[in-house]
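Everything on this sheet refers to the single structure shown next.
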Amino acid sequence: MLQQVNGHSSGSDAQGRESLREDLQEFLGGEVPLHQLDDLTKVNPVTLETVLRCLQARYTADTFYTNAGCTLVALNPFKPVPQLYSPELMREYHAAPQPQKLKPHIFTVGEQTYRNVRSLIEPVNQSIVVSGESGAGKTWTSRCLMKFYAVVAASPTSWESHKIAERIEQRILNSNPVMEAFGNACTLRNNNSSRFGKFIQLQLNSLLVPRDHQMTGAAIQTYLLEKTRVACQDSTERNFHIFYQICKGASADERLQWHLPEGAAFSWLPNPERTLEEDCFEVTREAMLHLGIDAPTQNNIFQALAGLLHLGNIRFADSGDEAQPCRPMDDGAVRTSALLLRLPEDPLLETLRIRTIRAGRQQQVFRKPCSQAECDTRRDCLAKLVYARLFDWLVSVINSSVCADPASWTTFIGLLDVYGFESFPHNSLEQLCINYANEKLQQHFVAHYLRAQQEEYAVEGLEWSFVNYQDNQTCLDLIEGSPISICSLINEECRLNRPSSAAQLQTRIESALAGSPCLGHNKLSPEPSFVVLHYAGSVRYHTVGLVEKNKDPIPPELTRLLQQSQDTLLKVLFPADPEEKSQEEPSGQSRAPVLTVVSKFKASLEQLLQVLQATTPHYIRCIKPNSQGRAQALHREEVLNQLEACGLVETIHISAAGFPIRVSHRTFVERYASLRRLHPRAPPDPHSPSPDEGHSGSPHAEQATLRALLQDILHTLPALEAATPAAPAGATPAPVHCGRTKVFMTDATLELLERGRAQVLEQCARCIQAGWRRHRRREQERRRRAAVCIQAAIRSWLTRKHIQRLHAAATVIKRAWRRWGIRMAFLASKELDGVEEKHSSQAPRSPSSFPPPLAQTKLLRAVTHLWPLGLVLANAAVGVHGFPRKLVVFACLQLPVGSPSGYTVQAQTAQEQAGIMSIRALPQGSIKFHCRKSPLRYADICPEPLPNSATGFNQILLERHRLGHV
């Protein structure tokens, strides 16, 4: 809609608005103002006049969106409204718990489709049909919806996936400027009219994030590009935007390279007045770059388009002789076009002027010069062929850039943006196909909503009074019916292989289809034509050139000429296929039937409708307030015709009393069976079958079981309504009806059920989480106790082993000590006996001397031989005491024992001395005895060492001051 701005309101418009407000105040009469009614179903009574007044009041108050039951009515503001499509507003509608409570907006429809995909209610896939006249704002609406999905359908779980999502979203959005530049043009009704139809499939993936759906790609399917616009435009209309963007936005070097001098005039670029679209050349180039089309490829594209512009400047002069080819009026245009398209100049000129004919069984080749009109036709055909191939190649590049692998997405949201209904002073095959497509979409709406819903109400047993509506099936039978219709007659003329006569085609159509009420007559028309009464109005189609456009003939020599091009892009567009020659030149009876434009368009349209029928459709009706594109101007007659044509009043009537949500009993029970937790169950009826019996028995028993479960679920609705925070005290119960096989309800009821289901699932999730945490805590505690037991057992075992080793070592030491003690005692006693005998045989002793006993003498000799160990025992805390200790010390010091006079020992002094005195020498400093380190742990450490005791077996110190009395 933003691109539809053409002007501003004047003083007369301001006066008109003031008078409009006065009329509105008079009409309202103290009731609720019409501009505050967000839904047209609240208008009372629902008539065309009241609906028009409500829309007019809202349009004057700058409110451009209004609900009409299942349809959203969108009025084109024809002025920029940035705050209406800001990202903040998108997130607000996405985060709202009830988007329907907010103001009507296209974001409401977008969010509803997105939530339907997430809820997985069959059919899961969604589609949005954007319809309306040319200039009503369909392209802008589709563009805003794509931005909305790019914002809300992005919830990556990692930084890498975030980058991938951003790149895909940017490419999807960048496809808009490219498609609009190459496929849109300025017409009588719209400055940015789509000259092709497109169905955008937004692919969503829920495998990565189960609670959310992330956009992973998109696919674009196009329908019926109006390629004739390249070479022919009606008065006051323009060519495709891309040609004007090249001429306006090319740099000086590019102009020189593409031979586009300043002020250059091209016959295929009428109406050079500046528009907003021709200033978007840099935007188009940047978007192509993001789509993967690099700068050299872009240069080839623009160079080929410049070559087409120069091709259109080629004019031929009538030769006057049928045997001579026509002569070009400007050789420079031929030379420049051949240079830009990288084609040989002479073959190009020869192909445009001479036609090759193959005839006979031998396929003899004849060369026939073309007339001036035929030369112009072949030139235009060459340009249309190149542009159509280029457009299809761009669509394939966009799809390869944004389309995701089929295994990487699960659901999709389809966005249909087709050309609106058209009626020009001169209407040909393009307008016939465009209006035929609009008739099919209107029939889809009628069949899906107006007719099918009411018939389903009657079949399901609901009390329903049928609403009359306008059915356009009669018009469709006139256009595409069997066996005779307008399309079949045009295709038959193409198969007859004879010169087509416009008057003869008109006569055949009027005579063969005279009984159709949708076929009109215009006797006053100076040109052969026929009139079709469409649902949106009557349109007069001219039959001149209708058959030729339907054939869309492509001479084989033109394709072979383009295959000779040295341009890299044209080589891709026209590959040299050896099988193509055999296909283009079949012989005799093996010639295949020609596939006409109408046939191809009809097949693609049927395929599109099959996709739409497999989805849940949503409708947006775009209304054009005026034909001049002025802001704040609403022409009542034009809007009234559009409302009447689309059947909006009937839609409002059915929506006000109908139930748009229809779910089968089994699906309803499977989805909302958890709601029975909110309602205390009544005691079971002994006569009613159990669920197991119902599923295993007859279909009637199963249906009865499903109905019982349905009643249990529906009984929870009052509790859900009471639990709703925003519910008023005296609110009416949610409208829901249980039919024979389906449950019918409104959007509000569905939202209420979904909220209750979410609450139950949340409670179940909390119970599961609590149970799991309790189980995990118990497991952790059990493992901890087991670990403690294992650790205690291991430590006990290690301690026992250690103690056992200590006991074993102690036993060995005690045994060795006892053995040594016994041996020492024996040796000491033996040697002391020998000493006693020796002393007794020596000289007599003095009275002061007292000979030592025999035991002491033996001990002294024994200790003399084992003096290190004896020294240790003498200074240990335990061991011998008294005189034996002194003997051991003397023996350890190896004192002379030969002569009794060699030493004298005072008994009292020796007993009082704590140290040792040697008659040979005093030790100088400390004396250290080093023994081998004991293998026992802590054997060299005394727990509580005494001050006069040794510190261990490994180190014994004899302090110097202890030797003072020797």
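By order of appearance in the structure tokens: chains A, B, ..., then residues from 1 within every chain, and ligands from 1 in the order shown.
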(message) So that I can check the surroundings of stretch 456-462 of chain A, please list as a list in words every protein, DNA and RNA residue that reaches within 10 Å of it, counting only C-alpha atoms and ignoring chain neighbours fewer than 4 positions away.
(response) Arg451, Ala452, Phe466, Gly658, Phe659, Arg662, His737, Cys738, Gly739, Arg740, Thr741, Lys742, Val743 and Phe744 of chain A
All heavy atoms of the current selection, written as an mmCIF file, in the first residue's frame:
```cif
data_model
loop_
_atom_site.group_PDB
_atom_site.id
_atom_site.type_symbol
_atom_site.label_atom_id
_atom_site.label_comp_id
_atom_site.auth_asym_id
_atom_site.auth_seq_id
_atom_site.Cartn_x
_atom_site.Cartn_y
_atom_site.Cartn_z
ATOM 1 N N ARG A 451 -20.824 -21.752 0.156
ATOM 2 C CA ARG A 451 -21.690 -22.892 -0.162
ATOM 3 C C ARG A 451 -21.377 -24.101 0.711
ATOM 4 O O ARG A 451 -22.274 -24.686 1.325
ATOM 5 C CB ARG A 451 -21.541 -23.258 -1.638
ATOM 6 C CG ARG A 451 -22.419 -24.446 -2.012
ATOM 7 C CD ARG A 451 -22.382 -24.747 -3.505
ATOM 8 N NE ARG A 451 -21.057 -25.117 -3.945
ATOM 9 C CZ ARG A 451 -20.383 -24.508 -4.929
ATOM 10 N NH1 ARG A 451 -20.940 -23.491 -5.562
ATOM 11 N NH2 ARG A 451 -19.187 -24.906 -5.291
ATOM 12 N N ALA A 452 -20.094 -24.470 0.785
ATOM 13 C CA ALA A 452 -19.738 -25.702 1.490
ATOM 14 C C ALA A 452 -20.073 -25.621 2.973
ATOM 15 O O ALA A 452 -20.518 -26.609 3.571
ATOM 16 C CB ALA A 452 -18.245 -26.003 1.308
ATOM 17 N N PHE A 466 -30.525 -20.991 5.183
ATOM 18 C CA PHE A 466 -29.556 -20.716 4.134
ATOM 19 C C PHE A 466 -29.563 -19.240 3.750
ATOM 20 O O PHE A 466 -30.609 -18.592 3.698
ATOM 21 C CB PHE A 466 -29.858 -21.576 2.904
ATOM 22 C CG PHE A 466 -29.260 -22.955 2.989
ATOM 23 C CD1 PHE A 466 -29.904 -23.949 3.702
ATOM 24 C CD2 PHE A 466 -28.051 -23.240 2.385
ATOM 25 C CE1 PHE A 466 -29.365 -25.215 3.795
ATOM 26 C CE2 PHE A 466 -27.503 -24.501 2.463
ATOM 27 C CZ PHE A 466 -28.155 -25.495 3.165
ATOM 28 N N GLY A 658 -22.364 -18.305 11.570
ATOM 29 C CA GLY A 658 -21.707 -19.578 11.301
ATOM 30 C C GLY A 658 -20.604 -19.905 12.275
ATOM 31 O O GLY A 658 -20.345 -19.198 13.251
ATOM 32 N N PHE A 659 -19.976 -21.027 11.999
ATOM 33 C CA PHE A 659 -18.890 -21.556 12.826
ATOM 34 C C PHE A 659 -17.722 -21.881 11.903
ATOM 35 O O PHE A 659 -17.756 -22.910 11.202
ATOM 36 C CB PHE A 659 -19.347 -22.810 13.576
ATOM 37 C CG PHE A 659 -20.605 -22.601 14.382
ATOM 38 C CD1 PHE A 659 -21.846 -22.902 13.839
ATOM 39 C CD2 PHE A 659 -20.534 -22.084 15.655
ATOM 40 C CE1 PHE A 659 -22.997 -22.698 14.568
ATOM 41 C CE2 PHE A 659 -21.694 -21.884 16.394
ATOM 42 C CZ PHE A 659 -22.922 -22.182 15.840
ATOM 43 N N ARG A 662 -14.274 -26.295 12.220
ATOM 44 C CA ARG A 662 -14.972 -27.573 12.129
ATOM 45 C C ARG A 662 -13.937 -28.681 12.309
ATOM 46 O O ARG A 662 -13.017 -28.822 11.499
ATOM 47 C CB ARG A 662 -15.682 -27.707 10.777
ATOM 48 C CG ARG A 662 -16.676 -26.614 10.502
ATOM 49 C CD ARG A 662 -17.280 -26.717 9.117
ATOM 50 N NE ARG A 662 -16.277 -26.599 8.070
ATOM 51 C CZ ARG A 662 -15.819 -25.447 7.603
ATOM 52 N NH1 ARG A 662 -16.281 -24.309 8.103
ATOM 53 N NH2 ARG A 662 -14.923 -25.421 6.650
ATOM 54 N N HIS A 737 -21.297 -26.361 18.913
ATOM 55 C CA HIS A 737 -22.346 -27.319 18.576
ATOM 56 C C HIS A 737 -21.688 -28.624 18.152
ATOM 57 O O HIS A 737 -20.676 -28.614 17.448
ATOM 58 C CB HIS A 737 -23.248 -26.797 17.458
ATOM 59 C CG HIS A 737 -24.098 -25.632 17.884
ATOM 60 N ND1 HIS A 737 -25.317 -25.787 18.506
ATOM 61 C CD2 HIS A 737 -23.886 -24.301 17.777
ATOM 62 C CE1 HIS A 737 -25.836 -24.591 18.773
ATOM 63 N NE2 HIS A 737 -24.987 -23.672 18.335
ATOM 64 N N CYS A 738 -22.294 -29.701 18.593
ATOM 65 C CA CYS A 738 -21.795 -31.029 18.269
ATOM 66 C C CYS A 738 -22.690 -31.630 17.195
ATOM 67 O O CYS A 738 -23.863 -31.937 17.449
ATOM 68 C CB CYS A 738 -21.776 -31.904 19.521
ATOM 69 S SG CYS A 738 -21.077 -33.531 19.265
ATOM 70 N N GLY A 739 -22.130 -31.756 15.980
ATOM 71 C CA GLY A 739 -22.893 -32.335 14.892
ATOM 72 C C GLY A 739 -22.810 -33.847 14.872
ATOM 73 O O GLY A 739 -22.408 -34.498 15.837
ATOM 74 N N ARG A 740 -23.204 -34.436 13.736
ATOM 75 C CA ARG A 740 -23.199 -35.890 13.638
ATOM 76 C C ARG A 740 -21.785 -36.450 13.615
ATOM 77 O O ARG A 740 -21.509 -37.488 14.230
ATOM 78 C CB ARG A 740 -23.957 -36.322 12.374
ATOM 79 C CG ARG A 740 -25.450 -36.033 12.426
ATOM 80 C CD ARG A 740 -26.169 -36.655 11.243
ATOM 81 N NE ARG A 740 -27.611 -36.451 11.330
ATOM 82 C CZ ARG A 740 -28.243 -35.455 10.760
ATOM 83 N NH1 ARG A 740 -27.571 -34.550 10.047
ATOM 84 N NH2 ARG A 740 -29.562 -35.346 10.880
ATOM 85 N N THR A 741 -20.895 -35.782 12.911
ATOM 86 C CA THR A 741 -19.511 -36.272 12.805
ATOM 87 C C THR A 741 -18.477 -35.221 13.157
ATOM 88 O O THR A 741 -17.303 -35.548 13.277
ATOM 89 C CB THR A 741 -19.226 -36.754 11.374
ATOM 90 O OG1 THR A 741 -19.382 -35.665 10.455
ATOM 91 C CG2 THR A 741 -20.146 -37.900 11.005
ATOM 92 N N LYS A 742 -18.894 -33.953 13.339
ATOM 93 C CA LYS A 742 -17.938 -32.877 13.580
ATOM 94 C C LYS A 742 -18.420 -31.994 14.717
ATOM 95 O O LYS A 742 -19.613 -31.957 15.038
ATOM 96 C CB LYS A 742 -17.733 -32.031 12.315
ATOM 97 C CG LYS A 742 -17.038 -32.771 11.188
ATOM 98 C CD LYS A 742 -16.815 -31.861 9.992
ATOM 99 C CE LYS A 742 -16.119 -32.598 8.871
ATOM 100 N NZ LYS A 742 -15.879 -31.712 7.693
ATOM 101 N N VAL A 743 -17.478 -31.274 15.276
ATOM 102 C CA VAL A 743 -17.759 -30.266 16.296
ATOM 103 C C VAL A 743 -17.587 -28.900 15.648
ATOM 104 O O VAL A 743 -16.544 -28.616 15.046
ATOM 105 C CB VAL A 743 -16.821 -30.424 17.507
ATOM 106 C CG1 VAL A 743 -17.112 -29.347 18.538
ATOM 107 C CG2 VAL A 743 -16.967 -31.806 18.117
ATOM 108 N N PHE A 744 -18.587 -28.048 15.785
ATOM 109 C CA PHE A 744 -18.570 -26.709 15.185
ATOM 110 C C PHE A 744 -18.405 -25.683 16.303
ATOM 111 O O PHE A 744 -19.126 -25.726 17.306
ATOM 112 C CB PHE A 744 -19.878 -26.450 14.429
ATOM 113 C CG PHE A 744 -20.090 -27.367 13.267
ATOM 114 C CD1 PHE A 744 -20.680 -28.615 13.447
ATOM 115 C CD2 PHE A 744 -19.693 -26.995 11.998
ATOM 116 C CE1 PHE A 744 -20.865 -29.462 12.385
ATOM 117 C CE2 PHE A 744 -19.888 -27.837 10.918
ATOM 118 C CZ PHE A 744 -20.470 -29.077 11.104
#
```
(message) I need the alpha helix (DSSP H) residues of stretch 209-319 of chain A per DSSP on the backbone, written as a PyMOL selection string.
(response) chain A and resi 241-249+252-258+281-290+295-312
(message) I'd like the neighbourhood of A:Asn67 as a list in words, where a residue qualifies if any of its atoms comes within 10 Å (using only C-alpha atoms), though same-chain residues fewer than 6 positions away should be ignored.
(response)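 Answer for this query is Leu37, Asp38, Asp39, Leu40, Thr41, Lys42, Val73, Ala74, Gln100, Lys103, Pro104, His105, Ile620 and Ile652 of chain A.
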(message) I need the strand (DSSP E or B) residues of stretch 501-561 of chain A per DSSP on the backbone, written as a PyMOL selection string.
(response) chain A and resi 519-520+529-534+537-542
Select from stretch 351-432 of chain A every residue with an atom at most 9 Å from any atom of stretch 545-550 of chain A, then for each give the shortest pair of atoms and their distance in Å to one decimal, using only C-alpha atoms, rows by chain and rising number, as CSV.
```
residue,atom,partner,partner_atom,distance
A:Ser428,CA,A:Leu546,CA,6.3
A:Leu429,CA,A:Leu546,CA,5.8
A:Glu430,CA,A:Lys549,CA,8.8
```
For stretch 756-762 of chain A: contacts at 8 Å, only C-alpha atoms, fewer than 4 positions along chain excluded, given as an mmCIF file with N, CA and C atoms, in the first residue's frame:
```cif
data_model
loop_
_atom_site.group_PDB
_atom_site.id
_atom_site.type_symbol
_atom_site.label_atom_id
_atom_site.label_comp_id
_atom_site.auth_asym_id
_atom_site.auth_seq_id
_atom_site.Cartn_x
_atom_site.Cartn_y
_atom_site.Cartn_z
ATOM 1 N N TYR A 672 -8.339 -32.795 22.866
ATOM 2 C CA TYR A 672 -8.805 -32.147 24.092
ATOM 3 C C TYR A 672 -9.257 -33.138 25.162
ATOM 4 N N SER A 674 -7.485 -34.324 27.429
ATOM 5 C CA SER A 674 -6.831 -33.950 28.682
ATOM 6 C C SER A 674 -7.653 -32.949 29.486
ATOM 7 N N LEU A 675 -8.603 -32.252 28.858
ATOM 8 C CA LEU A 675 -9.418 -31.277 29.589
ATOM 9 C C LEU A 675 -10.353 -31.949 30.592
ATOM 10 N N ARG A 677 -9.558 -33.621 32.972
ATOM 11 C CA ARG A 677 -8.961 -33.500 34.292
ATOM 12 C C ARG A 677 -9.536 -32.314 35.068
ATOM 13 N N LEU A 678 -10.023 -31.294 34.329
ATOM 14 C CA LEU A 678 -10.556 -30.101 34.993
ATOM 15 C C LEU A 678 -11.976 -30.290 35.500
ATOM 16 N N LEU A 720 -13.630 -23.358 32.294
ATOM 17 C CA LEU A 720 -12.590 -22.612 31.572
ATOM 18 C C LEU A 720 -12.958 -21.142 31.449
ATOM 19 N N LEU A 752 -10.394 -20.611 23.657
ATOM 20 C CA LEU A 752 -10.651 -21.014 25.034
ATOM 21 C C LEU A 752 -10.191 -22.453 25.276
ATOM 22 N N ARG A 766 4.401 -30.130 34.936
ATOM 23 C CA ARG A 766 4.918 -29.920 36.283
ATOM 24 C C ARG A 766 4.922 -31.212 37.089
#
```
(request) Might you pull out every residue within 8 Å of stretch 289-297 of chain A, with only C-alpha atoms counted and same-chain residues fewer than 5 positions away left off, and present them as a PyMOL selection string? (result) chain A and resi 170-171+174-175+397-398+401+569
Emit the selected residues as a PDB file, in the first residue's frame, including N, CA, C and O atoms.
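Okay, this is what ended up in out-v9.pdb:
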```
ATOM      1  N   GLN A 170      16.616 -12.809   4.827  1.00  0.00           N
ATOM      2  CA  GLN A 170      17.035 -11.695   3.995  1.00  0.00           C
ATOM      3  C   GLN A 170      16.850 -12.020   2.516  1.00  0.00           C
ATOM      4  O   GLN A 170      16.437 -11.163   1.725  1.00  0.00           O
ATOM      5  N   ARG A 171      17.118 -13.256   2.142  1.00  0.00           N
ATOM      6  CA  ARG A 171      16.935 -13.625   0.732  1.00  0.00           C
ATOM      7  C   ARG A 171      15.465 -13.638   0.350  1.00  0.00           C
ATOM      8  O   ARG A 171      15.112 -13.255  -0.770  1.00  0.00           O
ATOM      9  N   ASN A 174      14.539 -10.117  -0.099  1.00  0.00           N
ATOM     10  CA  ASN A 174      15.195  -9.521  -1.261  1.00  0.00           C
ATOM     11  C   ASN A 174      14.594  -9.999  -2.570  1.00  0.00           C
ATOM     12  O   ASN A 174      14.876  -9.407  -3.628  1.00  0.00           O
ATOM     13  N   SER A 175      13.806 -11.057  -2.527  1.00  0.00           N
ATOM     14  CA  SER A 175      13.160 -11.495  -3.770  1.00  0.00           C
ATOM     15  C   SER A 175      12.077 -10.517  -4.210  1.00  0.00           C
ATOM     16  O   SER A 175      11.755 -10.460  -5.409  1.00  0.00           O
ATOM     17  N   VAL A 397      16.657 -18.899 -10.109  1.00  0.00           N
ATOM     18  CA  VAL A 397      17.779 -18.500  -9.259  1.00  0.00           C
ATOM     19  C   VAL A 397      17.284 -18.160  -7.854  1.00  0.00           C
ATOM     20  O   VAL A 397      17.917 -18.541  -6.849  1.00  0.00           O
ATOM     21  N   ILE A 398      16.172 -17.448  -7.779  1.00  0.00           N
ATOM     22  CA  ILE A 398      15.619 -17.104  -6.465  1.00  0.00           C
ATOM     23  C   ILE A 398      15.224 -18.365  -5.707  1.00  0.00           C
ATOM     24  O   ILE A 398      15.499 -18.510  -4.508  1.00  0.00           O
ATOM     25  N   SER A 401      18.105 -20.167  -4.361  1.00  0.00           N
ATOM     26  CA  SER A 401      18.736 -19.436  -3.268  1.00  0.00           C
ATOM     27  C   SER A 401      17.956 -19.540  -1.967  1.00  0.00           C
ATOM     28  O   SER A 401      18.548 -19.572  -0.886  1.00  0.00           O
ATOM     29  N   LEU A 569      25.243 -15.341 -20.564  1.00  0.00           N
ATOM     30  CA  LEU A 569      23.887 -15.467 -20.045  1.00  0.00           C
ATOM     31  C   LEU A 569      22.957 -16.081 -21.083  1.00  0.00           C
ATOM     32  O   LEU A 569      22.167 -16.979 -20.770  1.00  0.00           O
TER      33      LEU A 569
END
```
(message) Quick one: residues within 12 Å of A:Arg636, only C-alpha atoms, excluding same-chain residues fewer than 4 positions away - as an MDAnalysis selection string?
(response) chainID A and resid 20 48:57 59 623:627 640:644
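When atom CA of A:Val109 is paired with atom CA of A:Leu72, their separation reads 7.9 Å.
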(request) Return the single residue from A:Arg819, A:Lys551, A:His448, A:His213 that is closest to A:Arg495, with distances computed using only C-alpha atoms. (result)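 Of the candidates, the smallest distance to A:Arg495 is held by A:Lys551.
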(request) With a distance cut-off of 12 Å and only C-alpha atoms, select the neighbouring residues of A:Arg666, excluding the residue or stretch itself and same-chain residues fewer than 5 positions from it, and output the selection as a ChimeraX atom specification. (result) /A:122,671-673,695,702-710,740-743
Next, write the just-selected residues to a file, as a short mmCIF file (atom, residue, chain, number, x, y, z; two decimals), in the first residue's frame, keeping C-alpha atoms as the atom set.
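That gives us result.cif:
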```cif
data_model
loop_
_atom_site.label_atom_id
_atom_site.label_comp_id
_atom_site.auth_asym_id
_atom_site.auth_seq_id
_atom_site.Cartn_x
_atom_site.Cartn_y
_atom_site.Cartn_z
CA GLU A 122 -5.78 -30.61 10.28
CA ARG A 671 -6.69 -33.26 21.14
CA TYR A 672 -8.81 -32.15 24.09
CA ALA A 673 -9.21 -35.37 26.10
CA HIS A 695 -13.37 -49.08 19.85
CA GLU A 702 -17.61 -46.23 18.85
CA GLN A 703 -19.61 -43.13 17.91
CA ALA A 704 -21.54 -43.38 21.17
CA THR A 705 -18.28 -43.58 23.10
CA LEU A 706 -16.91 -40.54 21.28
CA ARG A 707 -20.08 -38.61 22.05
CA ALA A 708 -19.80 -39.47 25.75
CA LEU A 709 -16.22 -38.27 25.78
CA LEU A 710 -17.27 -35.15 23.88
CA ARG A 740 -23.20 -35.89 13.64
CA THR A 741 -19.51 -36.27 12.81
CA LYS A 742 -17.94 -32.88 13.58
CA VAL A 743 -17.76 -30.27 16.30
#
```
(message) One number please: atom CA of A:Trp817 to atom CA of A:Leu798, in Å, one decimal.
(response) 28.1 Å
(request) Work out how far atom CA of A:Met745 is from atom CA of A:Arg676, in Å to one decimal. (result)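 Spanning atom CA of A:Arg676 to atom CA of A:Met745 is a straight-line distance of 18.5 Å.
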